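Peer 1: Would you mind keeping the following structure in view while I ask a few things?
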Amino acid sequence: MSPSRIIARLGSWWLTAFLLLSLWAVYLLFSFGRNPYPAWIELLFHAPAGIVIYITLIINLLAASIRIALGRLRRPPLSPDYIRSLDIHAVIPIAGEETINETAGLFGMTGSPALIRQQGRRRVTGTWSFLPGTVFRAGLVLVLISLMITAHSRRTHDASLRAGEDRDLLGARVSLSAITADLPADHLQVGDDGTFLLPGVSARIEVDGKTAVVTPGFPTGINGRWYRIRHLGYSQALTVVVHGSKNDVVADLDLLPPGRSSVVSLPTGSAFLTFTLDPDRTITKGLLTGRQYNLVKPAYRVTVQEGKPREKADSRRLLPGERASVGPAQISLGDQGLLIRLQAVSDPGLLPLYAGVVIMLTGLCALCSRFFWYEQEAALVVHGNEILAGTRDEFYKKWGIERFQRRSDALINRS
Amino acid sequence: MMFDPFYIAFREALQASVLLAIVLFSAPARDDAAARRGVLSGFFLALILGFAAGAIPDLTRALGPHETWTLFRHISESFLFYGSLILIVRRPLPPRGVTIAGMSLLGVMLVFFEARTLGFIIHDMGVVAGRPAAAFGSAALGIALGALPLILLREPLRKLPFDRMFTSASLLMFIGALQFWFGGLAELGGESIMIPLQNGLKLFVNEFMKSAQSALMISDHPFLDVTLSGLAQYLGSDRSALTITVLFLMVPPVLILITLFARPDPSTQDISASSRRRRNIAAFRQDLTLQSAPVLGAFLILVVLLHAVNISLNPLYDPEPVPVREADGSDVIRIPIADKSGDLNDKKLRKFVYYQGSKQVLFLALMKPDGTVGVALDQCEICRPADWNKDAKGYAQQGENLFCKYCVTPITSNAVNVPGGCNPIPVPFNVRENAIIINARELVTLFDKAEALERKGTHL
């Protein structure tokens, strides 16, 4: 089998349809179970059968692009049979050299009648119109390859970090120098969760001597690893003395949006503390109740419990730096700050994945041009005392054929 | 005579007759005796085997559960509908042997699944009524009467220009669309393919967007501002799933229509007589009109089905309130999140009524999309219908939203327990031991406050 035939088979749209239908059938099969999507993804990336379908799809898309490009750039030589294989053709009797000139002129071709007699003539527009589709498929192939790499090589690690801390994450020393967030000093919360959306969260980190800013948005790449903020909370230093035993703790408080509570267990004893954000003001208007919080310097409501039956828990409002007795505990709050949950990812497939998505979207946008940018071919050869002329349009064939009929009819009538 | 078996059999036979008539009087069966025999033999064989498969209990048990056969029916309907695409792309007709085998298979697909469900339900009705023979007798009469129009009208039907109306692709597509419509028995809860299709796509699109965000390391966060999360939420939403469903369903009719209208007008240059030229062009245009009819018919069927399915998937849900009272010896109302009467995790609205003296406190509870419970009075702080329009009082649910029945304002379910505006008035509650705990006194006080506001005519 010749290489072009192999490419034609591998790059056939029938094969694409078959592979996509196979994937659909597998998904349908999994839909009898409880979680079809995760099972389907598992099969696609980790089971031999799924990997075979996946890789065949990649090969198919690559071969299709090659097939289409070759088809556009390597045209068969002009011959009467080729003209007859076009969308439409006509036989025009040659009345004289001017018939050849007229025919060529009608299809926008130039050249001496002798040369046309010898070699025929062809005019093609929109030869490169296959590019948008090829760019789209190239992006898709890159995405598919990257996803496979990601599925097999991504390592993820999450860690909570406060400003000034450093930690080993995926073999790199990461130190966090600062956290910034546009926390409002007068956040009005109506209801339990409201519509709390916190912009402007970022952190400055240093990884193996390189400094960068990470955000909850796109990941930041440093030395081949990717970093992103996954969560934001408060960090609160506190000293708790319960029944004579002293506990110095730096608590990670997951209190945002206001209304959430966070439990802090103490290293010694059975007592535990529950923190919630305490509003600075409660505003009631009719049945409406809103609570105003200062999220820059938050006040806590701290509840102390020992987990005893029928225990009446005691609670108190406390600000950072304050000291108070709450139930059986003496609590002294120290410095308050922010903490982030930093996600570190080692994934050689992430950059090509982004590149693939960008290329794919570029191709997708460019595909809109295909409504106007398509291949049109007009060809003619002289065969004996006749001209064989024909045209082929990639799209809108109806109008191409009708246009040709009008022109050729005029010519035939004249000659 | 048992009426139900008769009616169901009559209806199904009538539907099968319509399908059979279209196939028999269109090309290639119309002019090809072998193809016609193929269709009829497939049809009657499937009718007998399908009916037996449903009506003989041992065979029914051996052949697997009803759900499996529903899936096979959906696959068969899809195969017919989307098979038309193959005929559009692959223009040359297959060899004659393949055509006849295909016609036989088409005959089988026209009736097998319906015959199976029909056999099953007739047997079931007969057993329940204790008169199986009477049920089968009624059904036989129903089938005979349902088939009668086809038998009686076959000559006038033969004169209809089915052969000019249907291309092979549009025939398959139209039969597929009709199967989507006719498929399944409502009496067996037979669901249209649209419901699993749309639900499946919803799930797929939603999960796909989540995994795409995870792969790109831009997963959503409840309160941090994540790049492109709005776009991802939109693309992964039910609305996108509906759009994909529509695109999915409209591909075959649209492609067939494009193929029809992309044919060039016939060349009439070499015809000298102008009357013949005009006749040729007129015939071409008439063919075009006739061939567009089934495609437009399929469009109509699909649009109506999509609309009906979306209404059934997202009906205005307004449940009857369930009376509740305090637990013995306490002043709290305890509503289990999940018990025999239902599970709030299904995200459906529940309504309750608490009586105290002459007071009737209507309140609602639901599991919000964010997984937290919401409890509120079944009334808002703003508008209230007049006494003569009491049916419009309170809220109903459609999809993930609540709707004020009076002002038809959609309210996101997440806004339950958020006071203000058109939101329902929040009721204080706790969740303990997998149950909603509401203080009855607080509930009544809140109700009284809301009523007092209404009496004052004050709106917030």
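Every chain in the structure tokens has a letter given in the order shown (A, B, ...), and although residue numbers restart at 1 in each chain, ligands are simply numbered from 1 in the order shown.
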Compute the set of chain B residues within 7 Å of chain A, using only C-alpha atoms, and express it as a PyMOL selection string.
Peer 2: chain B and resi 204+207+216-218+223-227+262-264+269+417-420+460
Peer 1: Would you mind exporting the chosen residues as a PDB file, in the first residue's frame, restricted to N, CA and C atoms?
Peer 2:
```pdb
ATOM      1  N   PHE B 204     -22.792  15.358  31.234  1.00  0.00           N
ATOM      2  CA  PHE B 204     -21.516  15.292  30.533  1.00  0.00           C
ATOM      3  C   PHE B 204     -20.888  16.681  30.422  1.00  0.00           C
ATOM      4  N   GLU B 207     -19.719  17.970  33.881  1.00  0.00           N
ATOM      5  CA  GLU B 207     -18.509  17.282  34.363  1.00  0.00           C
ATOM      6  C   GLU B 207     -17.310  17.632  33.482  1.00  0.00           C
ATOM      7  N   LEU B 216      -6.681  22.626  33.505  1.00  0.00           N
ATOM      8  CA  LEU B 216      -6.013  23.907  33.227  1.00  0.00           C
ATOM      9  C   LEU B 216      -5.623  24.635  34.523  1.00  0.00           C
ATOM     10  N   MET B 217      -5.853  23.990  35.645  1.00  0.00           N
ATOM     11  CA  MET B 217      -5.533  24.561  36.967  1.00  0.00           C
ATOM     12  C   MET B 217      -6.276  25.867  37.224  1.00  0.00           C
ATOM     13  N   ILE B 218      -7.518  25.940  36.803  1.00  0.00           N
ATOM     14  CA  ILE B 218      -8.312  27.140  37.124  1.00  0.00           C
ATOM     15  C   ILE B 218      -9.678  26.699  37.671  1.00  0.00           C
ATOM     16  N   PHE B 223     -15.426  31.778  46.726  1.00  0.00           N
ATOM     17  CA  PHE B 223     -15.409  33.243  46.855  1.00  0.00           C
ATOM     18  C   PHE B 223     -14.176  33.912  46.258  1.00  0.00           C
ATOM     19  N   LEU B 224     -13.180  33.153  45.842  1.00  0.00           N
ATOM     20  CA  LEU B 224     -12.031  33.810  45.211  1.00  0.00           C
ATOM     21  C   LEU B 224     -12.348  34.041  43.737  1.00  0.00           C
ATOM     22  N   ASP B 225     -11.799  35.132  43.228  1.00  0.00           N
ATOM     23  CA  ASP B 225     -12.072  35.528  41.851  1.00  0.00           C
ATOM     24  C   ASP B 225     -11.171  34.722  40.909  1.00  0.00           C
ATOM     25  N   VAL B 226     -11.717  33.670  40.294  1.00  0.00           N
ATOM     26  CA  VAL B 226     -10.924  32.789  39.432  1.00  0.00           C
ATOM     27  C   VAL B 226     -11.134  33.181  37.971  1.00  0.00           C
ATOM     28  N   THR B 227     -10.028  33.266  37.240  1.00  0.00           N
ATOM     29  CA  THR B 227     -10.098  33.671  35.828  1.00  0.00           C
ATOM     30  C   THR B 227     -11.012  32.719  35.046  1.00  0.00           C
ATOM     31  N   ALA B 262     -29.115  22.705  -2.281  1.00  0.00           N
ATOM     32  CA  ALA B 262     -27.824  22.950  -2.937  1.00  0.00           C
ATOM     33  C   ALA B 262     -27.779  22.323  -4.327  1.00  0.00           C
ATOM     34  N   ARG B 263     -28.845  21.624  -4.691  1.00  0.00           N
ATOM     35  CA  ARG B 263     -28.849  21.050  -6.052  1.00  0.00           C
ATOM     36  C   ARG B 263     -29.070  22.162  -7.066  1.00  0.00           C
ATOM     37  N   PRO B 264     -28.265  22.179  -8.110  1.00  0.00           N
ATOM     38  CA  PRO B 264     -28.454  23.246  -9.102  1.00  0.00           C
ATOM     39  C   PRO B 264     -29.736  23.043  -9.895  1.00  0.00           C
ATOM     40  N   GLN B 269     -30.700  24.512 -21.414  1.00  0.00           N
ATOM     41  CA  GLN B 269     -30.185  25.217 -22.569  1.00  0.00           C
ATOM     42  C   GLN B 269     -30.365  24.418 -23.863  1.00  0.00           C
ATOM     43  N   ASN B 417     -33.307  31.926  52.368  1.00  0.00           N
ATOM     44  CA  ASN B 417     -32.639  32.291  53.630  1.00  0.00           C
ATOM     45  C   ASN B 417     -31.896  33.606  53.537  1.00  0.00           C
ATOM     46  N   VAL B 418     -31.905  34.209  52.362  1.00  0.00           N
ATOM     47  CA  VAL B 418     -31.349  35.558  52.247  1.00  0.00           C
ATOM     48  C   VAL B 418     -32.547  36.504  52.254  1.00  0.00           C
ATOM     49  N   PRO B 419     -32.653  37.351  53.280  1.00  0.00           N
ATOM     50  CA  PRO B 419     -33.852  38.193  53.340  1.00  0.00           C
ATOM     51  C   PRO B 419     -33.832  39.311  52.308  1.00  0.00           C
ATOM     52  N   GLY B 420     -35.008  39.834  52.044  1.00  0.00           N
ATOM     53  CA  GLY B 420     -35.078  41.021  51.198  1.00  0.00           C
ATOM     54  C   GLY B 420     -35.645  40.754  49.837  1.00  0.00           C
ATOM     55  N   LEU B 460     -41.231  46.632  52.184  1.00  0.00           N
ATOM     56  CA  LEU B 460     -39.854  47.029  52.515  1.00  0.00           C
ATOM     57  C   LEU B 460     -39.165  47.625  51.309  1.00  0.00           C
TER      58      LEU B 460
END
```
Peer 1: Neighbouring residues of Phe25 in chain B were defined as those with any atom within 8 Å, considering only C-alpha atoms; residues of the same chain fewer than 5 positions away were excluded. Please report them as a short mmCIF file (atom, residue, chain, number, x, y, z; two decimals) with N, CA and C atoms, in the first residue's frame.
Peer 2:
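Wrote it out as result31.cif, contents follow:
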```cif
data_model
loop_
_atom_site.label_atom_id
_atom_site.label_comp_id
_atom_site.auth_asym_id
_atom_site.auth_seq_id
_atom_site.Cartn_x
_atom_site.Cartn_y
_atom_site.Cartn_z
N ARG B 30 -41.77 1.12 -2.90
CA ARG B 30 -42.95 1.38 -3.74
C ARG B 30 -42.85 0.66 -5.09
N LEU B 157 -53.66 5.97 -0.73
CA LEU B 157 -52.32 6.29 -0.23
C LEU B 157 -51.26 6.10 -1.32
N ARG B 158 -51.47 5.07 -2.13
CA ARG B 158 -50.51 4.79 -3.20
C ARG B 158 -50.42 5.98 -4.17
N PHE B 162 -45.51 10.02 -2.29
CA PHE B 162 -44.46 9.70 -1.31
C PHE B 162 -43.11 9.50 -1.99
N ASP B 163 -43.16 8.92 -3.19
CA ASP B 163 -41.89 8.63 -3.88
C ASP B 163 -41.16 9.92 -4.25
#
```
Peer 1: Could you give me, as a list in words, the residues within 9 Å of Gly83 in chain B, counting only C-alpha atoms and dropping anything in the same chain fewer than 6 positions from it?
Peer 2: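 What passes the distance filter is Ala169, Leu172, Met173, Gly176 and Pro252 of chain B.
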Peer 1: Output the selection as a PDB file, in the first residue's frame - N, CA and C atoms for each residue.
Peer 2:
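What ended up in out.pdb:
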```pdb
ATOM      1  N   ALA B 169     -32.434   9.409   2.435  1.00  0.00           N
ATOM      2  CA  ALA B 169     -31.971  10.016   3.684  1.00  0.00           C
ATOM      3  C   ALA B 169     -33.140  10.621   4.462  1.00  0.00           C
ATOM      4  N   LEU B 172     -35.374   7.970   6.171  1.00  0.00           N
ATOM      5  CA  LEU B 172     -34.846   7.447   7.437  1.00  0.00           C
ATOM      6  C   LEU B 172     -34.981   8.490   8.545  1.00  0.00           C
ATOM      7  N   MET B 173     -34.633   9.729   8.211  1.00  0.00           N
ATOM      8  CA  MET B 173     -34.667  10.786   9.219  1.00  0.00           C
ATOM      9  C   MET B 173     -36.096  11.011   9.721  1.00  0.00           C
ATOM     10  N   GLY B 176     -37.183   8.184  11.839  1.00  0.00           N
ATOM     11  CA  GLY B 176     -36.508   8.325  13.135  1.00  0.00           C
ATOM     12  C   GLY B 176     -37.198   9.362  14.008  1.00  0.00           C
ATOM     13  N   PRO B 252     -29.283  16.302  11.324  1.00  0.00           N
ATOM     14  CA  PRO B 252     -29.785  15.594  10.134  1.00  0.00           C
ATOM     15  C   PRO B 252     -30.778  16.408   9.295  1.00  0.00           C
TER      16      PRO B 252
END
```
Peer 1: For a quick check of understanding, using only C-alpha atoms, which of B:Asp370, B:Asp346, B:Glu326, B:Glu381 has the smallest distance to Ala440 in chain B?
Peer 2: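 Under the stated criterion, the closest residue is B:Glu326.
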Peer 1: Please identify all polymer residues within 9 Å of Val23 in chain B, counting only C-alpha atoms, omitting same-chain residues fewer than 5 positions from it, and present them as a PyMOL selection string.
Peer 2: chain B and resi 18+28-30+36+39+103+106-107+162+171-172+175
Peer 1: Give me the residues within 10 Å of Leu170 in chain A as a PDB file with C-alpha atoms, in the first residue's frame, counting only C-alpha atoms and dropping any in the same chain fewer than 3 places off.
Peer 2:
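Saved the output as part.pdb:
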```pdb
ATOM      1  CA  ARG A 155       1.820  15.575  40.615  1.00  0.00           C
ATOM      2  CA  THR A 156      -0.103  17.932  42.869  1.00  0.00           C
ATOM      3  CA  HIS A 157       0.643  19.118  46.352  1.00  0.00           C
ATOM      4  CA  ASP A 158      -1.343  21.522  48.495  1.00  0.00           C
ATOM      5  CA  ARG A 167       8.001  24.808  52.865  1.00  0.00           C
ATOM      6  CA  ARG A 173      11.850  25.272  48.576  1.00  0.00           C
ATOM      7  CA  VAL A 174       8.922  27.688  48.495  1.00  0.00           C
ATOM      8  CA  ARG A 225       6.443  23.901  38.422  1.00  0.00           C
ATOM      9  CA  ALA A 344       1.940  23.305  43.558  1.00  0.00           C
ATOM     10  CA  VAL A 345       1.784  21.195  40.440  1.00  0.00           C
ATOM     11  CA  SER A 346       4.499  19.459  38.501  1.00  0.00           C
TER      12      SER A 346
END
```
Peer 1: Please provide the set of residues having any atom within 7 Å of range 53-61 of chain A, restricted to only C-alpha atoms, with same-chain residues fewer than 4 positions apart removed, written as a PyMOL selection string.
Peer 2: chain A and resi 10-11+16+19+44+49+65+137+141
Peer 1: Which polymer residues have any atom within 7 Å of an atom of range 350-364 of chain B, counting only C-alpha atoms, with same-chain residues fewer than 2 positions away left out, as a ChimeraX atom specification?
Peer 2: /B:319-325,348,366,375-378,447
Peer 1: What separation in Å, quoted to one decimal, exists between CA of Leu342 in chain A and CA of Val250 in chain A?
Peer 2: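 Going from CA of Leu342 in chain A over to CA of Val250 in chain A, I get 17.9 Å.
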Peer 1: Nearest to Ile331 in chain A: which of A:Ala172, A:Leu266, A:Leu253, A:Ile7 is it, counting only C-alpha atoms?
Peer 2: A:Leu266
Peer 1: Under the rule that only C-alpha atoms are counted, which of B:Val427, B:Leu47, B:Leu24, B:Val373 is the nearest residue to Val108 in chain B?
Peer 2: B:Leu47
Peer 1: Per DSSP on the backbone, filter range 169-237 of chain A down to the residues in strand (DSSP E) and report them as a PyMOL selection string.
Peer 2: chain A and resi 169+172-180+187-190+202-207+210-214+220-222+225-237
Peer 1: Keeping only C-alpha atoms, write the selected residues as a short mmCIF file (atom, residue, chain, number, x, y, z; two decimals), in the first residue's frame.
Peer 2:
```
data_model
loop_
_atom_site.label_atom_id
_atom_site.label_comp_id
_atom_site.auth_asym_id
_atom_site.auth_seq_id
_atom_site.Cartn_x
_atom_site.Cartn_y
_atom_site.Cartn_z
CA LEU A 169 6.77 21.52 47.85
CA ALA A 172 11.40 22.89 45.67
CA ARG A 173 11.85 25.27 48.58
CA VAL A 174 8.92 27.69 48.50
CA SER A 175 8.86 30.70 50.77
CA LEU A 176 5.93 33.04 51.04
CA SER A 177 6.87 36.66 51.61
CA ALA A 178 3.53 38.46 51.45
CA ILE A 179 -0.20 37.92 50.95
CA THR A 180 -2.44 40.68 49.65
CA HIS A 187 -18.54 43.99 54.31
CA LEU A 188 -22.30 43.80 54.63
CA GLN A 189 -23.51 40.24 54.73
CA VAL A 190 -27.21 39.66 54.27
CA SER A 202 -2.28 37.47 45.40
CA ALA A 203 0.82 36.25 47.14
CA ARG A 204 4.50 36.83 46.54
CA ILE A 205 6.50 33.64 46.68
CA GLU A 206 10.11 32.77 46.18
CA VAL A 207 11.02 29.40 44.72
CA LYS A 210 13.13 33.16 41.86
CA THR A 211 10.38 35.51 42.96
CA ALA A 212 6.89 35.54 41.45
CA VAL A 213 3.35 36.57 42.23
CA VAL A 214 0.70 33.85 42.40
CA THR A 220 2.27 30.85 37.67
CA GLY A 221 5.15 28.80 36.29
CA ILE A 222 8.45 28.86 38.17
CA ARG A 225 6.44 23.90 38.42
CA TRP A 226 3.10 25.66 38.56
CA TYR A 227 1.69 27.50 41.53
CA ARG A 228 -1.75 28.84 42.30
CA ILE A 229 -3.72 30.07 45.31
CA ARG A 230 -6.51 27.63 46.09
CA HIS A 231 -7.92 29.14 49.22
CA LEU A 232 -7.62 32.05 51.62
CA GLY A 233 -8.15 32.14 55.34
CA TYR A 234 -7.01 33.82 58.52
CA SER A 235 -4.09 32.81 60.65
CA GLN A 236 -4.36 33.65 64.33
CA ALA A 237 -1.75 33.20 67.02
#
```
Peer 1: Provide the CA of Ser214 in chain B to CA of Val358 in chain A distance in Å, to one decimal place.
Peer 2: 16.8 Å
Peer 1: Which is closest to Thr243 in chain B among B:Leu306, B:Ala273, B:Tyr317, B:Ser330, if we use only C-alpha atoms?
Peer 2: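 Of the candidates, the smallest distance to Thr243 in chain B is held by B:Leu306.
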Peer 1: Just to confirm, what's the straight-line distance from CA of Leu249 in chain B to CA of Val295 in chain B in Å (one decimal)?
Peer 2: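 Separation between CA of Leu249 in chain B and CA of Val295 in chain B: 12.4 Å.
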Peer 1: Out of A:Val382, A:Ile51, A:Lys308, A:Lys297, which residue has the shortest atom-to-atom distance to Pro113 in chain A when counting only C-alpha atoms?
Peer 2: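 With only C-alpha atoms as the atom set, the closest residue is A:Val382.
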